[in-house]
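Next comes my_file-v7.pdb, a file with PDB, C-alpha atoms and all ligand atoms.
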ATOM      1  CA  MET A   1     114.170 -43.207-139.815  1.00  0.00           C
ATOM      2  CA  ALA A   2     112.838 -39.691-140.093  1.00  0.00           C
ATOM      3  CA  ASP A   3     109.543 -38.933-138.421  1.00  0.00           C
ATOM      4  CA  GLY A   4     107.027 -37.753-140.984  1.00  0.00           C
ATOM      5  CA  THR A   5     104.059 -37.391-138.672  1.00  0.00           C
ATOM      6  CA  ALA A   6     104.000 -33.633-139.034  1.00  0.00           C
ATOM      7  CA  TYR A   7     103.742 -33.927-142.828  1.00  0.00           C
ATOM      8  CA  ARG A   8     101.371 -36.899-143.042  1.00  0.00           C
ATOM      9  CA  LYS A   9      98.312 -34.855-143.931  1.00  0.00           C
ATOM     10  CA  LYS A  10      99.836 -32.878-146.771  1.00  0.00           C
ATOM     11  CA  LEU A  11     101.292 -35.935-148.502  1.00  0.00           C
ATOM     12  CA  THR A  12      99.676 -38.645-150.597  1.00  0.00           C
ATOM     13  CA  ASP A  13     100.148 -42.256-149.472  1.00  0.00           C
ATOM     14  CA  GLU A  14     102.790 -42.743-152.156  1.00  0.00           C
ATOM     15  CA  GLN A  15     104.677 -39.589-151.195  1.00  0.00           C
ATOM     16  CA  TYR A  16     104.621 -40.562-147.542  1.00  0.00           C
ATOM     17  CA  ASN A  17     105.798 -44.096-148.265  1.00  0.00           C
ATOM     18  CA  VAL A  18     108.714 -42.888-150.338  1.00  0.00           C
ATOM     19  CA  LEU A  19     109.773 -40.054-148.040  1.00  0.00           C
ATOM     20  CA  PHE A  20     109.309 -41.681-144.665  1.00  0.00           C
ATOM     21  CA  ASN A  21     109.285 -45.435-145.314  1.00  0.00           C
ATOM     22  CA  LYS A  22     111.987 -45.262-148.005  1.00  0.00           C
ATOM     23  CA  ALA A  23     109.832 -46.849-150.661  1.00  0.00           C
ATOM     24  CA  THR A  24     110.867 -46.512-154.296  1.00  0.00           C
ATOM     25  CA  GLU A  25     108.345 -45.465-156.906  1.00  0.00           C
ATOM     26  CA  THR A  26     107.883 -47.658-159.963  1.00  0.00           C
ATOM     27  CA  PRO A  27     110.357 -46.594-162.666  1.00  0.00           C
ATOM     28  CA  PHE A  28     109.036 -44.570-165.628  1.00  0.00           C
ATOM     29  CA  THR A  29     105.879 -43.631-163.740  1.00  0.00           C
ATOM     30  CA  GLY A  30     106.936 -40.590-161.735  1.00  0.00           C
ATOM     31  CA  GLN A  31     105.570 -37.217-162.730  1.00  0.00           C
ATOM     32  CA  TYR A  32     109.047 -35.675-163.066  1.00  0.00           C
ATOM     33  CA  ASP A  33     110.581 -38.442-165.165  1.00  0.00           C
ATOM     34  CA  ASN A  34     110.656 -37.027-168.684  1.00  0.00           C
ATOM     35  CA  PHE A  35     109.860 -33.575-167.392  1.00  0.00           C
ATOM     36  CA  PHE A  36     112.108 -30.689-168.311  1.00  0.00           C
ATOM     37  CA  ARG A  37     110.521 -27.408-167.411  1.00  0.00           C
ATOM     38  CA  GLN A  38     112.408 -24.506-165.890  1.00  0.00           C
ATOM     39  CA  GLY A  39     112.095 -24.131-162.158  1.00  0.00           C
ATOM     40  CA  THR A  40     113.049 -25.587-158.818  1.00  0.00           C
ATOM     41  CA  TYR A  41     112.402 -28.875-157.043  1.00  0.00           C
ATOM     42  CA  ALA A  42     111.718 -28.830-153.316  1.00  0.00           C
ATOM     43  CA  CYS A  43     111.176 -31.582-150.768  1.00  0.00           C
ATOM     44  CA  ALA A  44     107.483 -32.512-151.013  1.00  0.00           C
ATOM     45  CA  ALA A  45     107.250 -32.742-147.235  1.00  0.00           C
ATOM     46  CA  CYS A  46     108.959 -29.655-145.825  1.00  0.00           C
ATOM     47  CA  GLY A  47     109.526 -27.454-148.871  1.00  0.00           C
ATOM     48  CA  ASN A  48     113.326 -27.339-148.615  1.00  0.00           C
ATOM     49  CA  VAL A  49     114.543 -26.399-152.124  1.00  0.00           C
ATOM     50  CA  ILE A  50     116.917 -29.124-153.274  1.00  0.00           C
ATOM     51  CA  PHE A  51     117.394 -29.121-157.047  1.00  0.00           C
ATOM     52  CA  ASP A  52     117.404 -26.559-159.834  1.00  0.00           C
ATOM     53  CA  SER A  53     116.094 -27.567-163.249  1.00  0.00           C
ATOM     54  CA  GLU A  54     119.464 -26.581-164.770  1.00  0.00           C
ATOM     55  CA  THR A  55     121.043 -29.641-163.129  1.00  0.00           C
ATOM     56  CA  LYS A  56     118.422 -32.106-164.359  1.00  0.00           C
ATOM     57  CA  PHE A  57     119.442 -34.460-167.124  1.00  0.00           C
ATOM     58  CA  GLU A  58     118.049 -37.462-168.935  1.00  0.00           C
ATOM     59  CA  ALA A  59     119.664 -40.669-167.756  1.00  0.00           C
ATOM     60  CA  ASN A  60     116.905 -42.933-169.123  1.00  0.00           C
ATOM     61  CA  CYS A  61     116.796 -44.839-165.859  1.00  0.00           C
ATOM     62  CA  GLY A  62     113.118 -44.254-165.106  1.00  0.00           C
ATOM     63  CA  TRP A  63     113.546 -41.680-162.363  1.00  0.00           C
ATOM     64  CA  PRO A  64     114.334 -37.968-162.428  1.00  0.00           C
ATOM     65  CA  CYS A  65     118.101 -37.434-162.320  1.00  0.00           C
ATOM     66  CA  PHE A  66     120.140 -34.410-161.347  1.00  0.00           C
ATOM     67  CA  TYR A  67     123.885 -33.933-161.408  1.00  0.00           C
ATOM     68  CA  ASP A  68     124.005 -31.700-158.347  1.00  0.00           C
ATOM     69  CA  ALA A  69     121.963 -30.584-155.350  1.00  0.00           C
ATOM     70  CA  ARG A  70     121.855 -27.168-153.733  1.00  0.00           C
ATOM     71  CA  PRO A  71     124.590 -26.705-151.100  1.00  0.00           C
ATOM     72  CA  ASP A  72     123.591 -28.036-147.666  1.00  0.00           C
ATOM     73  CA  SER A  73     120.144 -29.087-148.895  1.00  0.00           C
ATOM     74  CA  VAL A  74     120.767 -32.826-148.500  1.00  0.00           C
ATOM     75  CA  ILE A  75     122.444 -35.270-146.132  1.00  0.00           C
ATOM     76  CA  PHE A  76     124.055 -38.513-147.290  1.00  0.00           C
ATOM     77  CA  TYR A  77     123.960 -41.920-145.636  1.00  0.00           C
ATOM     78  CA  VAL A  78     125.582 -45.195-146.539  1.00  0.00           C
ATOM     79  CA  ASP A  79     122.847 -47.620-147.532  1.00  0.00           C
ATOM     80  CA  THR A  80     123.737 -51.318-147.574  1.00  0.00           C
ATOM     81  CA  THR A  81     120.225 -52.694-148.116  1.00  0.00           C
ATOM     82  CA  MET A  82     119.283 -54.743-151.183  1.00  0.00           C
ATOM     83  CA  GLY A  83     122.739 -56.330-151.262  1.00  0.00           C
ATOM     84  CA  MET A  84     124.321 -53.159-152.582  1.00  0.00           C
ATOM     85  CA  ARG A  85     126.415 -50.402-151.141  1.00  0.00           C
ATOM     86  CA  ARG A  86     124.747 -47.175-152.164  1.00  0.00           C
ATOM     87  CA  THR A  87     124.660 -43.597-150.949  1.00  0.00           C
ATOM     88  CA  GLU A  88     121.233 -42.554-149.795  1.00  0.00           C
ATOM     89  CA  VAL A  89     120.188 -38.920-150.223  1.00  0.00           C
ATOM     90  CA  THR A  90     117.863 -37.403-147.658  1.00  0.00           C
ATOM     91  CA  CYS A  91     116.412 -33.951-147.103  1.00  0.00           C
ATOM     92  CA  ALA A  92     118.663 -31.979-144.725  1.00  0.00           C
ATOM     93  CA  GLN A  93     115.659 -30.274-143.192  1.00  0.00           C
ATOM     94  CA  CYS A  94     113.107 -33.014-142.464  1.00  0.00           C
ATOM     95  CA  GLY A  95     115.136 -36.180-143.065  1.00  0.00           C
ATOM     96  CA  GLY A  96     112.777 -37.420-145.795  1.00  0.00           C
ATOM     97  CA  HIS A  97     114.170 -40.024-148.188  1.00  0.00           C
ATOM     98  CA  LEU A  98     114.788 -38.641-151.686  1.00  0.00           C
ATOM     99  CA  GLY A  99     116.730 -41.348-153.499  1.00  0.00           C
ATOM    100  CA  HIS A 100     120.366 -42.278-154.069  1.00  0.00           C
ATOM    101  CA  VAL A 101     123.418 -40.665-155.603  1.00  0.00           C
ATOM    102  CA  PHE A 102     125.836 -42.487-157.891  1.00  0.00           C
ATOM    103  CA  SER A 103     129.253 -41.243-158.995  1.00  0.00           C
ATOM    104  CA  GLY A 104     131.608 -41.785-161.882  1.00  0.00           C
ATOM    105  CA  GLU A 105     129.164 -43.438-164.258  1.00  0.00           C
ATOM    106  CA  GLY A 106     130.456 -41.505-167.237  1.00  0.00           C
ATOM    107  CA  PHE A 107     127.591 -39.103-167.817  1.00  0.00           C
ATOM    108  CA  GLN A 108     128.722 -35.978-169.625  1.00  0.00           C
ATOM    109  CA  THR A 109     127.668 -33.590-166.885  1.00  0.00           C
ATOM    110  CA  LEU A 110     129.603 -31.115-164.769  1.00  0.00           C
ATOM    111  CA  THR A 111     129.968 -33.466-161.809  1.00  0.00           C
ATOM    112  CA  ASP A 112     129.405 -36.984-163.176  1.00  0.00           C
ATOM    113  CA  ASN A 113     127.217 -37.530-160.136  1.00  0.00           C
ATOM    114  CA  ARG A 114     123.705 -38.824-160.657  1.00  0.00           C
ATOM    115  CA  TYR A 115     121.131 -38.010-158.023  1.00  0.00           C
ATOM    116  CA  CYS A 116     118.475 -40.571-158.846  1.00  0.00           C
ATOM    117  CA  VAL A 117     115.420 -39.301-157.054  1.00  0.00           C
ATOM    118  CA  ASN A 118     111.779 -40.287-156.647  1.00  0.00           C
ATOM    119  CA  SER A 119     109.322 -37.856-158.213  1.00  0.00           C
ATOM    120  CA  ALA A 120     107.103 -38.494-155.210  1.00  0.00           C
ATOM    121  CA  SER A 121     109.700 -36.895-152.936  1.00  0.00           C
ATOM    122  CA  LEU A 122     109.711 -33.661-154.883  1.00  0.00           C
ATOM    123  CA  LYS A 123     107.485 -30.726-155.616  1.00  0.00           C
ATOM    124  CA  PHE A 124     108.262 -28.675-158.698  1.00  0.00           C
ATOM    125  CA  THR A 125     107.723 -24.938-158.867  1.00  0.00           C
ATOM    126  CA  PRO A 126     108.038 -23.348-162.309  1.00  0.00           C
ATOM    127  CA  SER A 127     110.240 -20.296-162.579  1.00  0.00           C
ATOM    128  CA  TYR A 128     107.443 -18.666-164.557  1.00  0.00           C
ATOM    129  CA  VAL A 129     103.805 -19.570-165.016  1.00  0.00           C
ATOM    130  CA  ASP A 130     102.912 -20.819-168.478  1.00  0.00           C
ATOM    131  CA  GLY A 131     100.435 -18.575-170.244  1.00  0.00           C
ATOM    132  CA  VAL A 132     100.663 -15.799-167.717  1.00  0.00           C
ATOM    133  CA  THR A 133     103.868 -14.190-168.827  1.00  0.00           C
ATOM    134  CA  THR A 134     103.585 -12.636-172.253  1.00  0.00           C
ATOM    135  CA  PRO A 135     106.455 -11.708-174.503  1.00  0.00           C
ATOM    136  CA  PRO A 136     107.506  -8.071-174.170  1.00  0.00           C
ATOM    137  CA  LYS A 137     105.259  -5.986-176.368  1.00  0.00           C
ATOM    138  CA  LYS A 138     106.944  -4.270-179.220  1.00  0.00           C
ATOM    139  CA  ASP A 139     106.551  -0.561-178.890  1.00  0.00           C
ATOM    140  CA  ASP A 140     104.713   0.355-182.048  1.00  0.00           C
ATOM    141  CA  ASP A 141     103.073   3.523-180.947  1.00  0.00           C
ATOM    142  CA  ASP A 142     104.651   5.583-183.672  1.00  0.00           C
ATOM    143  CA  GLU A 143     102.534   7.992-185.597  1.00  0.00           C
ATOM    144  CA  GLU A 144     103.252   6.258-188.867  1.00  0.00           C
ATOM    145  CA  ASP A 145     100.766   3.558-187.820  1.00  0.00           C
ATOM    146  CA  GLU A 146      97.940   5.879-188.592  1.00  0.00           C
ATOM    147  CA  GLU A 147      98.695   5.687-192.279  1.00  0.00           C
ATOM    148  CA  ASP A 148      97.284   2.151-192.269  1.00  0.00           C
ATOM    149  CA  GLU A 149      93.645   2.718-193.036  1.00  0.00           C
TER     150      GLU A 149
HETATM  151 ZN    ZN A 201     112.235 -32.174-146.352  1.00  0.00          ZN
END
Represent the structure from my file as structure tokens, please.
Ligand SMILES: [Zn+2]
Amino acid sequence: MADGTAYRKKLTDEQYNVLFNKATETPFTGQYDNFFRQGTYACAACGNVIFDSETKFEANCGWPCFYDARPDSVIFYVDTTMGMRRTEVTCAQCGGHLGHVFSGEGFQTLTDNRYCVNSASLKFTPSYVDGVTTPPKKDDDDEEDEEDE
């Protein structure tokens, strides 16, 4: 099991339990289930960027799901706990537990892989900050504007 001591202080109890004790968050409760903003998802412990919002899709399973991870961002392990044979997904940088990946379920995505991940393992960073970026201003500084009086 990965050693999360170095990250203990920056993580909540739930985050720590998921990442370093392989707990699973309650389905339909995670902050990134039903969450579809543009940006990137990094490991909540070490900050390793793992998923892009473009690969997120709705699988209605209660956890955030992605059809692909960034190259070399994760490491896979065979997980035979709970009477199942599953593929565990961990952070390649700190070893934190992210979730599991399932293949060939028939989802209409580019890979038909489903990375089923705990929200608690992730930290989302928006690709732009809501309310700060403004639409490009139309250049209306023509002299004809002065007719409007
Ligand atoms: Zn990590």
**Message:** (116.8, -35.8, -149.7) in this file's frame - what residues fall within 9 Å of it? Use only C-alpha atoms and give the answer as an NGL selection string.
**Reply:** :A and (19 or 43 or 50 or 73-76 or 88-100 or 117 or 121)
**Prompt:** Using only C-alpha atoms, which of the listed residues (A:Pro64, A:Gly83, A:Pro71, A:Gly4) sits closest to Ala120 in chain A?
**Reply:**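 Between A:Pro64, A:Gly83, A:Pro71, A:Gly4, the residue approaching Ala120 in chain A most closely is A:Pro64.
Counting only C-alpha atoms, the residue from A:Glu105, A:Asp52, A:Asp3, A:Glu58 that sits nearest to Asn17 in chain A is A:Asp3.
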**Request:** Would you be able to write out as a ChimeraX atom specification which residues have an atom within 7 Å of (110.6, -32.2, -156.6) in the file's coordinates, counting all atoms listed in the file?
**Result:** /A:41-44,119,121-124
**Prompt:** Counting only C-alpha atoms, which of A:Arg8, A:Arg37, A:Arg70, A:Lys22 gets nearest to Tyr128 in chain A?
**Reply:**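 Looking at the shortest contact to Tyr128 in chain A, the residue is A:Arg37.
Closest to ligand ZN 201 (chain A) among A:Gly106, A:Gly47, A:Pro126, A:Gly62 is A:Gly47, based on all atoms listed in the file.
The smallest atom-to-atom distance between Cys65 in chain A and any of A:Thr125, A:Asn48, A:Asn34, A:Thr80, using all atoms listed in the file, is found for A:Asn34.
Candidate residues A:Tyr7, A:Ala45, A:Thr12, A:Ala69 were compared for distance to ligand ZN 201 (chain A), and the nearest is A:Ala45, using only C-alpha atoms and all ligand atoms.
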**Request:** Would you mind reading off the distance between CA of Phe28 in chain A and CA of Arg114 in chain A, one decimal, in Å?
**Result:**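 Atom-to-atom, CA of Phe28 in chain A and CA of Arg114 in chain A are spaced 16.5 Å apart.
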**Asked** Which neighbours of Arg86 in chain A fall inside 9 Å, counting only C-alpha atoms, when residues of the same chain fewer than 5 positions from it are skipped, and could you give them as a ChimeraX atom specification?
**Response** /A:77-81,100-102
